[in-house]
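Shown next: entry-v6.txt, given as compact mmCIF, C-alpha atoms.
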# COMPACT_ATOMS: atom_id res chain seq x y z
CA MET A 30 15.77 -48.97 -6.46
CA GLN A 31 14.83 -50.53 -9.79
CA SER A 32 11.11 -50.04 -9.08
CA ILE A 33 11.66 -46.36 -8.26
CA ILE A 34 13.50 -45.82 -11.55
CA GLU A 35 10.77 -47.69 -13.43
CA GLY A 36 8.13 -45.63 -11.61
CA PHE A 37 9.79 -42.36 -12.65
CA ALA A 38 10.18 -43.54 -16.24
CA ALA A 39 6.49 -44.48 -16.44
CA ALA A 40 5.54 -41.19 -14.78
CA PHE A 41 7.49 -39.16 -17.36
CA ARG A 42 5.77 -41.16 -20.12
CA LEU A 43 2.39 -40.16 -18.65
CA ILE A 44 3.37 -36.50 -18.56
CA VAL A 45 4.98 -36.39 -22.01
CA THR A 46 2.15 -38.31 -23.73
CA LEU A 47 -0.40 -35.91 -22.17
CA ASN A 48 -2.29 -38.77 -20.50
CA PRO A 49 -5.97 -37.68 -20.39
CA GLU A 50 -6.64 -38.95 -16.85
CA LEU A 51 -3.56 -37.15 -15.54
CA TRP A 52 -4.56 -33.89 -17.16
CA ARG A 53 -8.18 -34.17 -16.01
CA ILE A 54 -6.95 -34.49 -12.43
CA ILE A 55 -4.53 -31.56 -12.82
CA LEU A 56 -7.18 -29.32 -14.35
CA LEU A 57 -9.72 -30.14 -11.63
CA SER A 58 -7.08 -29.39 -8.96
CA LEU A 59 -6.31 -26.04 -10.52
CA GLU A 60 -10.00 -25.24 -10.92
CA VAL A 61 -10.86 -26.11 -7.31
CA SER A 62 -7.82 -24.40 -5.75
CA GLY A 63 -7.98 -21.41 -8.12
CA THR A 64 -11.66 -20.76 -7.39
CA ALA A 65 -11.14 -21.25 -3.65
CA LEU A 66 -8.24 -18.81 -3.66
CA MET A 67 -10.18 -16.26 -5.70
CA LEU A 68 -13.05 -16.40 -3.20
CA ALA A 69 -10.66 -16.24 -0.25
CA THR A 70 -9.02 -13.15 -1.79
CA VAL A 71 -12.32 -11.41 -2.54
CA LEU A 72 -13.38 -11.98 1.07
CA GLY A 73 -10.02 -11.82 2.84
CA LEU A 74 -8.48 -8.71 1.30
CA PRO A 75 -11.27 -6.30 2.37
CA VAL A 76 -11.23 -7.83 5.87
CA GLY A 77 -7.45 -7.43 6.12
CA ALA A 78 -7.62 -3.87 4.76
CA PHE A 79 -10.44 -2.90 7.13
CA LEU A 80 -8.53 -4.26 10.14
CA ALA A 81 -5.37 -2.42 9.11
CA LEU A 82 -6.99 0.92 8.27
CA ARG A 83 -9.80 1.31 10.80
CA ARG A 84 -9.84 1.14 14.59
CA ALA A 85 -12.84 -1.21 14.82
CA PRO A 86 -14.03 -2.75 18.10
CA LEU A 87 -12.79 -6.31 18.77
CA ARG A 88 -10.06 -5.69 16.18
CA GLY A 89 -7.39 -7.39 18.30
CA LEU A 90 -9.59 -10.43 18.86
CA VAL A 91 -10.38 -10.79 15.14
CA ILE A 92 -6.68 -10.51 14.24
CA SER A 93 -5.84 -13.20 16.84
CA LEU A 94 -8.57 -15.47 15.43
CA LEU A 95 -7.27 -15.00 11.88
CA ASN A 96 -3.71 -15.72 12.99
CA THR A 97 -4.96 -18.89 14.69
CA GLY A 98 -6.87 -19.80 11.52
CA MET A 99 -3.63 -19.69 9.53
CA GLY A 100 -2.56 -22.86 11.32
CA LEU A 101 -5.97 -24.56 11.12
CA PRO A 102 -5.36 -28.30 10.49
CA PRO A 103 -7.01 -29.19 7.13
CA VAL A 104 -8.50 -32.41 8.55
CA ALA A 105 -10.20 -30.43 11.31
CA ALA A 106 -11.58 -27.95 8.77
CA GLY A 107 -12.75 -30.88 6.64
CA LEU A 108 -14.36 -32.60 9.62
CA PHE A 109 -16.36 -29.53 10.72
CA LEU A 110 -17.44 -28.77 7.17
CA TYR A 111 -18.45 -32.42 6.74
CA LEU A 112 -20.62 -32.21 9.88
CA PHE A 113 -22.34 -29.14 8.45
CA LEU A 114 -22.81 -30.55 4.94
CA SER A 115 -23.68 -34.17 5.82
CA ARG A 116 -27.30 -35.21 5.31
CA SER A 117 -28.08 -34.84 9.03
CA GLY A 118 -26.13 -31.56 9.32
CA PRO A 119 -27.62 -28.05 9.34
CA LEU A 120 -26.66 -27.46 5.67
CA GLY A 121 -27.30 -31.03 4.51
CA PHE A 122 -30.36 -29.98 2.49
CA ILE A 123 -28.11 -28.14 -0.03
CA GLY A 124 -26.62 -31.47 -1.13
CA LEU A 125 -23.05 -30.20 -1.49
CA LEU A 126 -21.20 -33.09 0.15
CA TYR A 127 -18.89 -35.01 -2.20
CA THR A 128 -18.97 -32.31 -4.87
CA PRO A 129 -16.20 -30.01 -6.19
CA THR A 130 -18.16 -27.09 -4.65
CA ALA A 131 -17.71 -28.59 -1.17
CA MET A 132 -13.98 -28.88 -1.88
CA ILE A 133 -13.87 -25.23 -2.96
CA VAL A 134 -15.61 -24.19 0.27
CA ALA A 135 -13.18 -26.29 2.33
CA GLN A 136 -10.13 -24.78 0.64
CA CYS A 137 -11.61 -21.30 0.88
CA ILE A 138 -11.93 -21.79 4.66
CA LEU A 139 -8.23 -22.73 4.78
CA ALA A 140 -7.02 -19.89 2.53
CA PHE A 141 -9.22 -17.09 3.92
CA PRO A 142 -7.33 -16.56 7.22
CA ILE A 143 -3.98 -16.61 5.39
CA VAL A 144 -5.05 -14.02 2.82
CA ALA A 145 -6.83 -11.83 5.41
CA SER A 146 -4.06 -12.03 7.99
CA LEU A 147 -1.18 -11.47 5.55
CA SER A 148 -3.08 -8.64 3.82
CA HIS A 149 -3.64 -7.04 7.21
CA ALA A 150 0.07 -7.32 8.04
CA ALA A 151 1.08 -6.01 4.60
CA ILE A 152 -1.19 -2.95 4.81
CA ALA A 153 -0.43 -2.24 8.47
CA ASN A 154 3.30 -2.25 7.65
CA VAL A 155 3.04 0.47 5.00
CA ASP A 156 5.00 3.51 6.14
CA PRO A 157 2.53 6.04 7.67
CA VAL A 158 4.17 8.78 5.60
CA ILE A 159 2.47 7.30 2.48
CA ARG A 160 -0.94 8.05 3.95
CA GLN A 161 0.16 11.55 4.97
CA ALA A 162 1.59 12.20 1.50
CA ALA A 163 -1.74 11.19 -0.06
CA ILE A 164 -3.57 13.60 2.28
CA THR A 165 -1.21 16.48 1.49
CA LEU A 166 -1.87 15.87 -2.23
CA GLY A 167 -5.62 16.19 -1.71
CA ALA A 168 -6.85 12.61 -1.33
CA THR A 169 -10.31 11.85 0.04
CA PRO A 170 -10.41 9.31 2.93
CA ILE A 171 -11.18 6.51 0.41
CA GLN A 172 -8.42 7.60 -1.98
CA GLU A 173 -6.04 7.80 0.97
CA SER A 174 -6.91 4.20 2.01
CA LEU A 175 -6.55 3.00 -1.59
CA ALA A 176 -3.11 4.62 -1.81
CA VAL A 177 -2.03 2.65 1.28
CA VAL A 178 -3.50 -0.64 -0.02
CA LYS A 179 -1.89 -0.06 -3.42
CA GLU A 180 1.45 0.50 -1.73
CA ALA A 181 1.09 -2.92 -0.09
CA ARG A 182 0.06 -4.66 -3.35
CA TYR A 183 3.18 -6.78 -3.77
CA SER A 184 3.11 -8.00 -0.16
CA ILE A 185 -0.62 -8.72 -0.58
CA MET A 186 0.18 -10.77 -3.71
CA ALA A 187 2.80 -12.65 -1.69
CA GLY A 188 0.05 -13.44 0.85
CA VAL A 189 -2.25 -14.68 -1.92
CA MET A 190 0.57 -16.90 -3.21
CA ALA A 191 1.06 -18.27 0.31
CA GLY A 192 -2.68 -19.08 0.34
CA LEU A 193 -2.33 -20.85 -3.00
CA GLY A 194 0.58 -22.88 -1.67
CA ARG A 195 -1.53 -23.93 1.29
CA VAL A 196 -4.58 -25.06 -0.72
CA MET A 197 -2.67 -26.74 -3.55
CA ALA A 198 -0.79 -28.94 -1.09
CA GLU A 199 -3.60 -29.88 1.28
CA VAL A 200 -5.29 -33.27 1.24
CA GLY A 201 -7.06 -33.63 4.58
CA ALA A 202 -10.05 -31.33 4.04
CA ILE A 203 -10.89 -32.16 0.43
CA ILE A 204 -10.67 -35.91 0.90
CA ILE A 205 -13.28 -35.68 3.69
CA VAL A 206 -15.75 -33.39 1.92
CA GLY A 207 -14.93 -34.40 -1.68
CA GLY A 208 -14.83 -38.13 -1.22
CA ASN A 209 -12.09 -38.68 -3.84
CA ILE A 210 -14.57 -39.83 -6.51
CA ALA A 211 -12.81 -40.78 -9.77
CA GLY A 212 -13.49 -38.34 -12.59
CA TYR A 213 -15.50 -36.03 -10.32
CA THR A 214 -13.75 -34.99 -7.12
CA ARG A 215 -10.36 -36.64 -7.48
CA VAL A 216 -7.56 -34.08 -7.46
CA MET A 217 -3.78 -34.30 -7.41
CA THR A 218 -3.18 -34.69 -3.69
CA THR A 219 -6.01 -37.16 -3.09
CA THR A 220 -4.95 -39.21 -6.13
CA ILE A 221 -1.37 -39.39 -4.86
CA ALA A 222 -2.63 -40.63 -1.48
CA LEU A 223 -4.93 -43.23 -3.08
CA GLU A 224 -2.54 -44.50 -5.76
CA THR A 225 0.30 -44.82 -3.23
CA ASP A 226 -2.01 -46.91 -1.03
CA LYS A 227 -2.79 -49.13 -4.01
CA GLY A 228 0.87 -49.45 -4.97
CA ASN A 229 0.31 -47.75 -8.39
CA PHE A 230 3.26 -45.44 -8.27
CA GLU A 231 3.37 -44.23 -11.91
CA LEU A 232 0.38 -41.87 -11.67
CA ALA A 233 1.32 -40.86 -8.10
CA ILE A 234 4.88 -39.99 -9.11
CA ALA A 235 3.71 -38.11 -12.23
CA LEU A 236 1.31 -36.04 -10.12
CA GLY A 237 3.98 -35.61 -7.46
CA ILE A 238 6.33 -34.15 -10.08
CA ILE A 239 3.61 -31.79 -11.35
CA LEU A 240 2.70 -30.76 -7.79
CA LEU A 241 6.34 -30.07 -6.95
CA THR A 242 6.66 -28.00 -10.15
CA ILE A 243 3.59 -25.98 -9.18
CA SER A 244 4.93 -25.52 -5.62
CA PHE A 245 8.26 -24.38 -7.02
CA SER A 246 6.49 -21.92 -9.33
CA ILE A 247 4.48 -20.58 -6.38
CA THR A 248 7.70 -20.12 -4.38
CA VAL A 249 9.34 -18.29 -7.29
CA ALA A 250 6.26 -16.05 -7.65
CA LEU A 251 6.25 -15.45 -3.87
CA ARG A 252 9.89 -14.35 -3.93
CA PHE A 253 9.25 -12.17 -6.97
CA PHE A 254 6.41 -10.30 -5.24
CA GLN A 255 8.37 -10.02 -1.98
CA ARG A 256 11.29 -8.46 -3.86
CA LEU A 257 9.01 -6.02 -5.68
CA GLY A 258 7.50 -5.08 -2.31
CA GLN A 259 10.94 -4.43 -0.85
CA GLY A 260 11.63 -2.09 -3.78
CA GLY A 261 9.19 0.35 -2.19
CA THR A 262 10.41 3.68 -0.95
CA SER A 263 8.80 6.29 1.19
CA GLY A 264 11.51 8.86 0.52
CA ASN A 265 14.18 10.27 2.74
CA MET B 11 -6.40 37.60 -5.09
CA GLY B 12 -5.24 34.26 -3.74
CA LEU B 13 -5.59 32.57 -0.41
CA GLU B 14 -4.69 34.33 2.79
CA LEU B 15 -3.55 32.37 5.79
CA GLU B 16 -3.54 33.29 9.45
CA ILE B 17 -2.76 31.23 12.51
CA ILE B 18 -4.47 32.60 15.61
CA HIS B 19 -3.52 31.82 19.22
CA VAL B 20 -2.71 28.20 18.48
CA PHE B 21 -1.61 25.87 21.27
CA ARG B 22 -0.42 22.32 20.61
CA SER B 23 1.25 19.89 23.01
CA TYR B 24 2.38 16.27 22.84
CA ASN B 25 2.12 14.15 26.01
CA GLY B 26 1.84 17.29 28.13
CA ASN B 27 4.90 18.81 26.46
CA PRO B 28 3.89 22.18 24.94
CA ILE B 29 5.16 22.68 21.37
CA LEU B 30 3.12 25.59 20.00
CA ARG B 31 2.33 28.22 22.64
CA ASP B 32 -0.08 30.95 21.70
CA CYS B 33 1.29 30.96 18.17
CA SER B 34 -0.12 33.69 15.94
CA PHE B 35 0.92 34.98 12.53
CA ALA B 36 -0.65 36.28 9.32
CA PHE B 37 0.88 35.16 6.00
CA ALA B 38 0.29 37.43 3.02
CA GLY B 39 -0.39 36.11 -0.48
CA GLY B 40 2.47 35.94 -2.99
CA ARG B 41 5.25 36.05 -0.40
CA THR B 42 7.87 33.47 0.52
CA TYR B 43 8.42 32.86 4.23
CA VAL B 44 11.43 30.95 5.48
CA LEU B 45 11.17 29.53 8.98
CA GLN B 46 14.20 28.69 11.06
CA GLY B 47 14.68 27.44 14.58
CA PRO B 48 16.33 24.68 16.59
CA ASN B 49 15.23 21.03 16.37
CA GLY B 50 12.15 20.41 18.48
CA SER B 51 11.08 24.06 18.41
CA GLY B 52 7.79 23.17 16.70
CA LYS B 53 8.48 24.10 13.07
CA SER B 54 7.21 20.81 11.63
CA THR B 55 4.25 20.76 14.03
CA LEU B 56 3.35 24.25 12.85
CA PHE B 57 3.51 23.16 9.20
CA ARG B 58 1.45 20.02 9.86
CA THR B 59 -1.13 22.17 11.63
CA LEU B 60 -1.21 24.69 8.78
CA ALA B 61 -1.54 21.81 6.27
CA LEU B 62 -4.56 20.54 8.25
CA LEU B 63 -2.77 17.23 8.93
CA GLU B 64 -3.08 17.85 12.67
CA LYS B 65 -5.57 19.67 14.84
CA SER B 66 -4.49 22.24 17.37
CA ASP B 67 -5.46 21.91 21.06
CA SER B 68 -6.89 25.41 20.93
CA GLY B 69 -6.80 28.45 18.69
CA ARG B 70 -7.43 28.22 14.95
CA VAL B 71 -5.90 28.14 11.49
CA GLU B 72 -7.85 30.45 9.24
CA TYR B 73 -7.77 30.32 5.45
CA ARG B 74 -9.52 33.25 3.76
CA ASP B 75 -10.43 33.87 0.16
CA GLY B 76 -11.50 37.43 -0.63
CA GLY B 77 -12.13 38.03 3.06
CA ARG B 78 -14.38 34.96 3.38
CA ILE B 79 -13.25 32.32 5.92
CA LEU B 80 -13.02 28.88 4.32
CA ALA B 81 -14.10 25.64 5.98
CA ALA B 82 -11.31 23.12 6.60
CA ASP B 83 -12.72 20.64 4.08
CA LEU B 84 -11.48 18.69 1.06
CA ALA B 85 -11.96 21.67 -1.25
CA LEU B 86 -9.56 23.72 0.89
CA ARG B 87 -7.11 20.84 1.35
CA ARG B 88 -6.88 20.63 -2.44
CA ARG B 89 -5.70 24.24 -2.65
CA ILE B 90 -2.78 23.77 -0.26
CA THR B 91 0.04 21.25 0.05
CA LEU B 92 2.97 20.26 2.22
CA VAL B 93 6.10 18.47 1.00
CA LEU B 94 7.01 16.30 3.97
CA PRO B 95 10.62 15.96 5.15
CA ARG B 96 10.41 12.21 4.37
CA THR B 97 8.78 12.64 1.01
CA GLY B 98 6.45 9.63 1.04
CA ILE B 99 7.16 8.54 -2.52
CA PHE B 100 4.84 5.82 -3.86
CA ASN B 101 6.33 2.52 -5.03
CA THR B 102 5.69 3.10 -8.72
CA THR B 103 7.15 5.09 -11.60
CA VAL B 104 8.28 8.71 -11.38
CA PHE B 105 5.47 9.69 -13.79
CA LYS B 106 2.72 8.02 -11.76
CA ASN B 107 3.98 9.66 -8.57
CA VAL B 108 3.62 13.11 -10.08
CA ALA B 109 0.32 12.23 -11.77
CA TYR B 110 -1.26 11.11 -8.46
CA GLY B 111 -2.60 14.49 -7.30
CA LEU B 112 -4.14 15.16 -10.72
CA LYS B 113 -5.60 11.67 -11.09
CA ILE B 114 -7.46 11.88 -7.78
CA ARG B 115 -8.90 15.23 -8.93
CA GLY B 116 -10.31 13.58 -12.06
CA VAL B 117 -8.10 15.53 -14.49
CA SER B 118 -8.16 14.18 -18.07
CA ARG B 119 -5.35 11.89 -19.25
CA ALA B 120 -4.13 14.33 -21.88
CA GLU B 121 -3.91 17.16 -19.35
CA ILE B 122 -2.19 14.90 -16.81
CA GLU B 123 0.40 13.93 -19.42
CA ALA B 124 1.11 17.57 -20.30
CA ARG B 125 1.23 18.90 -16.74
CA VAL B 126 3.33 16.01 -15.39
CA ASN B 127 5.83 16.47 -18.22
CA ASP B 128 6.09 20.20 -17.42
CA ALA B 129 6.57 19.54 -13.70
CA LEU B 130 9.22 16.88 -14.34
CA LEU B 131 11.09 19.18 -16.72
CA ALA B 132 10.94 21.95 -14.11
CA VAL B 133 12.70 19.75 -11.53
CA GLY B 134 15.11 18.19 -14.06
CA LEU B 135 13.62 14.70 -13.98
CA GLY B 136 12.09 14.66 -17.47
CA HIS B 137 14.48 11.94 -18.62
CA LYS B 138 13.58 9.68 -15.69
CA LYS B 139 9.82 9.71 -15.95
CA TRP B 140 9.42 5.98 -16.62
CA GLN B 141 12.01 4.95 -14.05
CA ARG B 142 10.82 3.44 -10.76
CA ALA B 143 10.86 6.10 -8.05
CA SER B 144 12.72 3.71 -5.73
CA GLU B 145 15.72 3.88 -8.08
CA LEU B 146 16.17 7.64 -7.62
CA SER B 147 18.90 9.17 -5.44
CA SER B 148 17.91 11.06 -2.26
CA GLY B 149 18.28 14.41 -4.01
CA GLU B 150 16.17 13.27 -6.96
CA THR B 151 13.57 11.89 -4.54
CA LYS B 152 13.31 15.34 -2.93
CA ARG B 153 12.89 16.91 -6.38
CA LEU B 154 10.24 14.33 -7.24
CA GLY B 155 8.35 15.27 -4.05
CA ILE B 156 8.44 18.93 -5.11
CA ALA B 157 7.27 18.10 -8.66
CA ARG B 158 4.39 16.03 -7.25
CA ALA B 159 3.25 19.01 -5.17
CA MET B 160 3.95 21.67 -7.84
CA VAL B 161 1.84 19.93 -10.46
CA ILE B 162 -1.39 20.56 -8.53
CA ASN B 163 -0.75 24.33 -8.55
CA PRO B 164 -1.21 24.86 -4.81
CA GLU B 165 -2.03 28.31 -3.52
CA VAL B 166 -0.19 27.63 -0.27
CA PHE B 167 2.98 25.63 -0.84
CA MET B 168 4.78 24.35 2.28
CA LEU B 169 8.17 22.65 2.14
CA ASP B 170 9.53 21.05 5.32
CA GLU B 171 13.32 20.98 5.00
CA PRO B 172 13.44 20.37 1.23
CA THR B 173 17.24 20.35 1.13
CA ALA B 174 18.03 18.36 4.29
CA ASN B 175 20.52 15.49 3.87
CA ILE B 176 21.22 16.01 0.18
CA ASP B 177 24.34 17.08 -1.72
CA SER B 178 25.17 20.63 -2.79
CA ALA B 179 24.32 20.02 -6.47
CA ASN B 180 20.78 18.88 -5.63
CA THR B 181 20.45 21.69 -3.07
CA ALA B 182 21.31 24.23 -5.81
CA ILE B 183 18.71 22.68 -8.16
CA ILE B 184 16.00 22.81 -5.47
CA GLU B 185 16.86 26.41 -4.58
CA ASP B 186 16.48 27.32 -8.28
CA ILE B 187 13.09 25.58 -8.39
CA ILE B 188 11.90 27.54 -5.33
CA LEU B 189 13.23 30.84 -6.73
CA LYS B 190 11.38 30.16 -10.00
CA MET B 191 8.19 29.34 -8.09
CA ARG B 192 8.54 32.69 -6.30
CA GLN B 193 8.62 34.50 -9.63
CA ASP B 194 5.93 32.51 -11.42
CA ARG B 195 3.25 31.99 -8.81
CA GLN B 196 1.05 34.06 -6.59
CA ALA B 197 1.18 31.31 -3.98
CA ILE B 198 2.21 31.71 -0.37
CA ILE B 199 5.42 29.71 -0.10
CA LEU B 200 6.49 28.56 3.35
CA MET B 201 9.73 26.73 3.90
CA ILE B 202 11.77 25.36 6.78
CA THR B 203 15.57 25.35 6.67
CA HIS B 204 18.52 25.17 9.05
CA ASP B 205 20.77 27.07 6.64
CA PRO B 206 20.74 30.86 7.33
CA ALA B 207 22.40 31.65 3.98
CA GLN B 208 19.74 29.66 2.16
CA ALA B 209 17.03 31.46 4.13
CA GLN B 210 18.51 34.79 2.96
CA ARG B 211 18.65 33.61 -0.64
CA LEU B 212 15.10 32.31 -0.82
CA GLY B 213 12.91 34.20 1.61
CA ASP B 214 11.01 37.48 1.37
CA ASP B 215 10.38 37.20 5.09
CA LEU B 216 12.61 35.36 7.54
CA LEU B 217 10.90 33.94 10.60
CA LEU B 218 12.17 32.28 13.73
CA MET B 219 10.41 29.68 15.82
CA GLN B 220 11.08 30.44 19.46
CA ASP B 221 9.27 29.27 22.62
CA GLY B 222 6.46 27.87 20.50
CA LYS B 223 5.87 31.20 18.77
CA ILE B 224 6.71 32.67 15.37
CA ILE B 225 8.81 35.83 15.54
CA PRO B 226 10.36 37.83 12.69
CA ALA B 227 14.09 36.94 12.46
Structure translated into structure tokens:
Amino acid sequence: MQSIIEGFAAAFRLIVTLNPELWRIILLSLEVSGTALMLATVLGLPVGAFLALRRAPLRGLVISLLNTGMGLPPVAAGLFLYLFLSRSGPLGFIGLLYTPTAMIVAQCILAFPIVASLSHAAIANVDPVIRQAAITLGATPIQESLAVVKEARYSIMAGVMAGLGRVMAEVGAIIIVGGNIAGYTRVMTTTIALETDKGNFELAIALGIILLTISFSITVALRFFQRLGQGGTSGN
Amino acid sequence: MGLELEIIHVFRSYNGNPILRDCSFAFAGGRTYVLQGPNGSGKSTLFRTLALLEKSDSGRVEYRDGGRILAADLALRRRITLVLPRTGIFNTTVFKNVAYGLKIRGVSRAEIEARVNDALLAVGLGHKKWQRASELSSGETKRLGIARAMVINPEVFMLDEPTANIDSANTAIIEDIILKMRQDRQAIILMITHDPAQAQRLGDDLLLMQDGKIIPA
């Protein structure tokens, strides 16, 4: 019990004194996960919107694949990406393995199905009367689709937040393709795993507290967007 | 001379169940038509067909301008409108709801501001323009739907049960709005109601939907 209390005390000292190593790790985590999420949103939102708004062939199959991808184990994603990026793999010549870029790609693969699938659900659940109202007011087919997507914006944001929660917390994929190299590819989750293994609990606890704070903030943001989305009305 | 509208031998059925059966009628410009009829008689289907939201199985809806038949394209759709029974209010402010039809037409910001303010004043929602539309009562939501359609100055203005399920105070306000539209505009106004007294108050011509056809009441 004493060691836990001492660990927490040391961890708080690291946070309060703005320990440079701690902050470097936090900033790299935010950079990797933020970029991955941005890419996943840029790719996933149009896919989700297209699936919700157009009757494309193989639509059902694609939706099923995306739903399956939401539960993709990070270690499996990391393993397959590793096989592609390793020197003997088909993309080995790019030299991305053990770089932050490889970690971004790995997290993008994990976040993409979440963003696409939840965007699809959000847009598909918009009351059809919204689309009809846009048509009766003179919307072109594109304006009509944009009106529907805009109506789903808060639910889409909730999906993006869910994607952020997924990538911020994952360790399996980035440790395989990033290699956990100090000062280069070491992020919060991989540091916690490593430092715990080594018995250095101060840094691990400090990062754990920061990670929990970020997770809590994501949950608060998620609830905020869900509540805004529920405020929607399609009239009587 | 505004738009003229004629529906010619239109048939429409759902799952083999005929709704509109050889429905024909010519609507003259500047008149207000009030359509009555039992639930399921095809009133809303007729309006959705006239608003080009649905296609008929056979027959045609003909819009004419100065005798010339107009194609059922975006340009025509932007001259007509239908206020749906469930209004389809967007999850944003009252102002942005009313501004929508103007914004998608590329109207300037200054003109949007002026026209939206006028429309909101006309329906008595001027003081609520920055409120979220989801916070409005059912009666106010109906009025917002009318303002959103009015602001685009439609030449054919269809209202599907604009006073259904709202209190008498809001009903009176909406009736006043429609009466004022009758005076001010050269538009064809078409409206559905289940209230015969209201039909008498508002309509130049009273119509009845019977056996999938329009007949004068």
For this session: Place a sphere of radius 12 Å on (-12.4, -17.2, -0.5) in the file coordinates and name every protein, DNA or RNA residue with an atom inside or on its surface, counting all atoms listed in the file; give the answer as a VMD selection string.
Result: chain A and resid 61 to 76 132 to 145 189 192 to 193 196
Exercise. Of the residues B:Leu135, B:Leu45, B:Leu60, B:Ile187, which is the one nearest to chain A, using all atoms listed in the file?
Worked result: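 Nearest to chain A: B:Leu60.
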For this session: Point out the residue among A:Leu87, A:Leu120, A:Ala163, A:Leu110 with the least atom-to-atom distance to chain B, counting all atoms listed in the file.
Result: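 Between A:Leu87, A:Leu120, A:Ala163, A:Leu110, the residue approaching chain B most closely is A:Ala163.
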At most 10 Å is the cut-off: for each residue in chain B with any atom that close to an atom of chain A, write down the nearest atom pair and the distance in Å rounded to one decimal, counting only C-alpha atoms, chain first then increasing number, as a tab-separated table.
residue	atom	partner	partner_atom	distance
B:Arg58	CA	A:Thr165	CA	9.5
B:Ala61	CA	A:Thr165	CA	7.2
B:Leu62	CA	A:Thr165	CA	8.6
B:Leu63	CA	A:Gln161	CA	7.5
B:Asp83	CA	A:Thr169	CA	10.0
B:Leu84	CA	A:Gly167	CA	6.9
B:Ala85	CA	A:Gly167	CA	8.4
B:Leu86	CA	A:Gly167	CA	8.9
B:Arg87	CA	A:Gly167	CA	5.8
B:Arg88	CA	A:Gly167	CA	4.7
B:Arg89	CA	A:Gly167	CA	8.1
B:Ile90	CA	A:Thr165	CA	7.7
B:Thr91	CA	A:Thr165	CA	5.1
B:Leu92	CA	A:Thr165	CA	5.7
B:Val93	CA	A:Thr165	CA	7.6
B:Leu94	CA	A:Ala162	CA	7.2
B:Pro95	CA	A:Asn265	CA	7.1
B:Arg96	CA	A:Asn265	CA	4.5
B:Thr97	CA	A:Gly264	CA	4.7
B:Gly98	CA	A:Ser263	CA	4.1
B:Ile99	CA	A:Ser263	CA	4.6
B:Phe100	CA	A:Ser263	CA	6.4
B:Asn101	CA	A:Gly261	CA	4.6
B:Thr102	CA	A:Gly261	CA	7.9
B:Val108	CA	A:Leu166	CA	10.0
B:Tyr110	CA	A:Leu166	CA	7.9
B:Gly111	CA	A:Leu166	CA	5.3
B:Leu112	CA	A:Leu166	CA	8.8
B:Lys113	CA	A:Ala168	CA	9.9
B:Ile114	CA	A:Ala168	CA	6.5
B:Arg115	CA	A:Gly167	CA	8.0
B:Arg142	CA	A:Gly260	CA	8.9
B:Ala143	CA	A:Thr262	CA	7.5
B:Ser144	CA	A:Thr262	CA	5.3
B:Glu145	CA	A:Gly260	CA	8.4
B:Leu146	CA	A:Gly264	CA	9.5
B:Ser147	CA	A:Gly264	CA	9.5
B:Ser148	CA	A:Asn265	CA	6.3
B:Gly149	CA	A:Asn265	CA	8.9
B:Glu150	CA	A:Gly264	CA	9.9
B:Thr151	CA	A:Gly264	CA	6.2
B:Lys152	CA	A:Gly264	CA	7.6
B:Leu154	CA	A:Gly264	CA	9.6
B:Gly155	CA	A:Gly264	CA	8.5
B:Arg158	CA	A:Leu166	CA	8.0
B:Ala159	CA	A:Leu166	CA	6.7
B:Met160	CA	A:Leu166	CA	9.9
B:Val161	CA	A:Leu166	CA	9.9
B:Ile162	CA	A:Leu166	CA	7.9
B:Pro164	CA	A:Leu166	CA	9.4
B:Met168	CA	A:Thr165	CA	9.9
B:Ala174	CA	A:Asn265	CA	9.1
B:Asn175	CA	A:Asn265	CA	8.3
B:Ile176	CA	A:Asn265	CA	9.4
For this session: Kindly indicate which residue among B:Gly40, B:Gly26, B:Pro226, B:Gly76 lies nearest to Glu165 of chain B, using only C-alpha atoms for the distances.
Result: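 With only C-alpha atoms as the atom set, the closest residue is B:Gly40.
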For this session: Give me the residues within 10 Å of Gly208 of chain A as number ranges by chain, counting all atoms listed in the file and dropping any in the same chain fewer than 2 places off.
Result: A: 126-129, 131-132, 202-206, 210-211, 213-215, 219
Which residues are near segment 38-50 of chain A? Cut-off 12 Å, all atoms listed in the file, ignore same chain within fewer than 5 positions. Put them as a short mmCIF file (atom, residue, chain, number, x, y, z; two decimals) with C-alpha atoms, keeping the file's coordinate frame.
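Saved as out-v2.cif:
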data_model
loop_
_atom_site.label_atom_id
_atom_site.label_comp_id
_atom_site.auth_asym_id
_atom_site.auth_seq_id
_atom_site.Cartn_x
_atom_site.Cartn_y
_atom_site.Cartn_z
CA GLN A 31 14.83 -50.53 -9.79
CA SER A 32 11.11 -50.04 -9.08
CA ILE A 33 11.66 -46.36 -8.26
CA ILE A 55 -4.53 -31.56 -12.82
CA LEU A 56 -7.18 -29.32 -14.35
CA LEU A 57 -9.72 -30.14 -11.63
CA ALA A 211 -12.81 -40.78 -9.77
CA GLY A 212 -13.49 -38.34 -12.59
CA TYR A 213 -15.50 -36.03 -10.32
CA ARG A 215 -10.36 -36.64 -7.48
CA VAL A 216 -7.56 -34.08 -7.46
CA MET A 217 -3.78 -34.30 -7.41
CA THR A 220 -4.95 -39.21 -6.13
CA ASN A 229 0.31 -47.75 -8.39
CA PHE A 230 3.26 -45.44 -8.27
CA GLU A 231 3.37 -44.23 -11.91
CA LEU A 232 0.38 -41.87 -11.67
CA ALA A 233 1.32 -40.86 -8.10
CA ILE A 234 4.88 -39.99 -9.11
CA ALA A 235 3.71 -38.11 -12.23
CA LEU A 236 1.31 -36.04 -10.12
CA GLY A 237 3.98 -35.61 -7.46
CA ILE A 238 6.33 -34.15 -10.08
CA ILE A 239 3.61 -31.79 -11.35
#
